[in-house]
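Beneath this line is the structure, given in structure tokens, with notes to follow.
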Amino acid sequence: MYYVYIIKNQIKKKIYIGYTDDLKRRIKEHKNKDPELIYYEAYKLEKDARNRERKLKQRGQAIRHLKERLKSSLEE
């Protein structure tokens, strides 16, 4: 499985979007960012996860809709 994920830096309150094939390992690698996992999506194929990550990073409307869905989680 491949994962597209959103983490929030608990200190700076900024979000980071990425993709990986090992979500637990990747969160640990973000340790210096004081990460909080906010959201993830699972995909069977790497290509699908990579495309979704790219859309979230490049297209304002896609991330805007997702942020609206996650509004409460992002505000905590």
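Going by the structure tokens order, chains are called A, B, ..., each with residues numbered from 1, while ligands are numbered from 1 in the order shown.
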Using the chain letters and numbers from this document, which residues of chain A does DSSP assign to strand (DSSP E), as a ChimeraX atom specification? /A:2-9,15-20,35-43
Within 10 Å of Asp22 of chain A, counting only C-alpha atoms, which residues qualify if same-chain residues fewer than 4 places away don't, as a short mmCIF file (atom, residue, chain, number, x, y, z; two decimals) with C-alpha atoms, in the first residue's frame?
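So around_24.cif came out as:
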data_model
loop_
_atom_site.label_atom_id
_atom_site.label_comp_id
_atom_site.auth_asym_id
_atom_site.auth_seq_id
_atom_site.Cartn_x
_atom_site.Cartn_y
_atom_site.Cartn_z
CA MET A 1 0.00 0.00 0.00
CA TYR A 2 0.99 3.61 -0.60
CA TYR A 3 -0.18 6.49 1.51
CA ARG A 26 7.75 8.33 7.51
CA ILE A 27 6.09 9.92 10.53
#
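If you count only C-alpha atoms and ignore residues fewer than 5 places along the chain from segment 57-65 of chain A, what sits within 9 Å of it is Ile17, Gly18, Arg52 and Leu70 of chain A.
Closest approach to Lys14 of chain A from the set A:Lys33, A:Arg69, A:Arg50, A:Lys44 is made by A:Lys33, with distances taken over only C-alpha atoms.
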Pick out each residue of chain A that DSSP on the backbone tags as helix (DSSP H, G or I); I need them as a short mmCIF file (atom, residue, chain, number, x, y, z; two decimals) with C-alpha atoms, in the first residue's frame.
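File written: result_35.cif
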data_model
loop_
_atom_site.label_atom_id
_atom_site.label_comp_id
_atom_site.auth_asym_id
_atom_site.auth_seq_id
_atom_site.Cartn_x
_atom_site.Cartn_y
_atom_site.Cartn_z
CA LEU A 23 3.50 5.56 6.98
CA LYS A 24 4.85 4.76 10.47
CA ARG A 25 8.46 5.08 9.32
CA ARG A 26 7.75 8.33 7.51
CA ILE A 27 6.09 9.92 10.53
CA LYS A 28 9.16 9.00 12.61
CA GLU A 29 11.38 10.65 9.99
CA LYS A 31 10.26 13.79 14.20
CA ASN A 32 12.11 17.13 14.09
CA LYS A 33 8.89 18.78 12.84
CA GLU A 46 2.33 4.07 -6.13
CA LYS A 47 1.37 5.97 -9.27
CA ASP A 48 -2.06 6.80 -7.82
CA ALA A 49 -0.59 8.02 -4.53
CA ARG A 50 2.01 10.11 -6.33
CA ASN A 51 -0.63 11.70 -8.56
CA ARG A 52 -2.87 12.51 -5.58
CA GLU A 53 0.03 14.09 -3.68
CA ARG A 54 0.90 16.17 -6.73
CA LYS A 55 -2.70 17.35 -7.10
CA LEU A 56 -2.88 18.37 -3.46
CA LYS A 57 0.40 20.26 -3.68
CA GLN A 58 -0.20 21.95 -7.04
CA GLY A 60 -5.29 25.13 -4.74
CA GLN A 61 -8.86 23.89 -5.05
CA ALA A 62 -8.05 20.27 -4.13
CA ILE A 63 -6.23 21.19 -0.92
CA ARG A 64 -8.77 23.90 -0.15
CA HIS A 65 -11.62 21.34 -0.21
CA LEU A 66 -9.63 18.90 1.92
CA LYS A 67 -8.74 21.61 4.46
CA GLU A 68 -12.42 22.52 4.71
CA ARG A 69 -13.28 18.87 5.47
CA LYS A 71 -11.12 22.21 9.51
CA SER A 72 -11.62 21.10 13.14
CA SER A 73 -8.60 18.77 13.09
CA LEU A 74 -6.36 21.47 11.67
CA GLU A 75 -7.45 24.06 14.24
#
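Going from atom CA of Ile7 of chain A over to atom CA of Tyr43 of chain A, you cover 17.7 Å.
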Atom CA of Lys8 of chain A to atom CA of Leu45 of chain A, distance in Å rounded to a single decimal: 25.1 Å
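Computed from the coordinates, the atom CA of Asp21 of chain A to atom CA of Ile6 of chain A distance equals 14.2 Å.
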